[in-house]
Amino acid sequence: MGLCCFYASQYDMALSCFERALPLADDMTQAEVWYNIGHVGIGIGDLGLAYQAYKVSISYNSSHAEAFNNLGVLELRKTNVEQSKNNFLQAQKSANYLFEPVFNLAYLYYKKGEFQ
């Protein structure tokens with residue numbers, strides 16, 4: 001329900017749904033709920049909320065590749081290049097089938113002028 005509200009741009013309802021989902025979720029599902037809360041944070045422009053939500057998501061599931069990738073993007077926006085790189089590498093290691101961490105890491109290297 002929370003994702004439906006999110007995609008309908010009803011962010012207040014989405015947050016309410018995700019808040020109600022937290023007490024019902026086990027550890028692996030908690031990671032997904034917090035990951036979705038991070039998406040809502042980005043949707044409403046609250047990057048601090050998104051950052052914290054992705055950190056909490058990773059604390060529940062230390063191999064949550066999508067959370068690492070999005071955290072890397074947020075770190076890059078804060079010009080924390082090394083931390084961003086580490087997050088992209090961790091995302092690649094956790095799920096080598098995802099293309100986003102590979103693309104984001106390539107973009108990071110391109111911006112740094114590292115072409116090798």
# chains A, B, ... in the order shown; residues from 1 in each chain; ligands from 1
$ select_by_dssp --residues "chain A" --states "helix (DSSP H, G or I)" --output "PyMOL selection string"
chain A and resi 2-7+11-24+27-44+47-60+65-77+81-94+100-112
$ residues_around --residues "range 21-38 of chain A" --least-positions-apart "3" --cutoff "6 Å" --atoms "only C-alpha atoms" --output "MDAnalysis selection string"
chainID A and resid 18 41 50 53:54 57 60:61
$ closest_atom_pairs --of "range 7-63 of chain A" --to "range 89-94 of chain A" --cutoff "12 Å" --atoms "only C-alpha atoms" --output "tab-separated table"
residue	atom	partner	partner_atom	distance
A:Ile58	CA	A:Ala91	CA	10.8
A:Asn61	CA	A:Ser94	CA	10.7
A:Ser62	CA	A:Ser94	CA	8.8
A:Ser63	CA	A:Ser94	CA	5.3
$ write_last_selection --atoms "N, CA and C atoms" --output "PDB file, in the first residue's frame"
ATOM      1  N   ILE A  58      20.691  -0.709   5.687  1.00  0.00           N
ATOM      2  CA  ILE A  58      21.937  -1.479   5.646  1.00  0.00           C
ATOM      3  C   ILE A  58      22.227  -2.121   7.005  1.00  0.00           C
ATOM      4  N   ASN A  61      20.199  -5.275   6.876  1.00  0.00           N
ATOM      5  CA  ASN A  61      20.659  -6.221   5.855  1.00  0.00           C
ATOM      6  C   ASN A  61      21.951  -5.669   5.269  1.00  0.00           C
ATOM      7  N   SER A  62      23.067  -6.186   5.726  1.00  0.00           N
ATOM      8  CA  SER A  62      24.370  -5.639   5.335  1.00  0.00           C
ATOM      9  C   SER A  62      24.751  -5.955   3.896  1.00  0.00           C
ATOM     10  N   SER A  63      23.898  -6.646   3.169  1.00  0.00           N
ATOM     11  CA  SER A  63      24.175  -6.892   1.751  1.00  0.00           C
ATOM     12  C   SER A  63      23.063  -6.334   0.866  1.00  0.00           C
TER      13      SER A  63
END
$ residues_around --residues "range 99-105 of chain A" --least-positions-apart "3" --cutoff "9 Å" --atoms "only C-alpha atoms" --output "list in words"
Ala65, Glu66, Phe68, Asn69, Asn70, Gly72, Val73, Ser84, Lys85, Asn87, Phe88, Leu89, Gln90, Ala91, Gln92, Asn96, Leu108, Tyr109 and Tyr110 of chain A
$ write_last_selection --atoms "C-alpha atoms" --output "PDB file, in the first residue's frame"
ATOM      1  CA  ALA A  65      22.896  -3.621  -2.728  1.00  0.00           C
ATOM      2  CA  GLU A  66      20.227  -1.120  -3.759  1.00  0.00           C
ATOM      3  CA  PHE A  68      24.359   0.835  -0.852  1.00  0.00           C
ATOM      4  CA  ASN A  69      23.963   2.181  -4.377  1.00  0.00           C
ATOM      5  CA  ASN A  70      21.534   4.926  -3.359  1.00  0.00           C
ATOM      6  CA  GLY A  72      26.625   6.127  -2.753  1.00  0.00           C
ATOM      7  CA  VAL A  73      24.656   8.584  -4.863  1.00  0.00           C
ATOM      8  CA  SER A  84      30.646   7.077  -2.471  1.00  0.00           C
ATOM      9  CA  LYS A  85      33.125   4.833  -4.266  1.00  0.00           C
ATOM     10  CA  ASN A  87      29.333   2.213  -1.378  1.00  0.00           C
ATOM     11  CA  PHE A  88      29.231   1.537  -5.130  1.00  0.00           C
ATOM     12  CA  LEU A  89      31.868  -1.186  -4.759  1.00  0.00           C
ATOM     13  CA  GLN A  90      29.942  -2.778  -1.895  1.00  0.00           C
ATOM     14  CA  ALA A  91      26.756  -2.693  -3.965  1.00  0.00           C
ATOM     15  CA  GLN A  92      28.590  -4.402  -6.835  1.00  0.00           C
ATOM     16  CA  ASN A  96      26.807  -8.288  -9.319  1.00  0.00           C
ATOM     17  CA  LEU A 108      32.466   8.666 -10.686  1.00  0.00           C
ATOM     18  CA  TYR A 109      35.728   7.585 -12.318  1.00  0.00           C
ATOM     19  CA  TYR A 110      34.883   9.634 -15.415  1.00  0.00           C
TER      20      TYR A 110
END
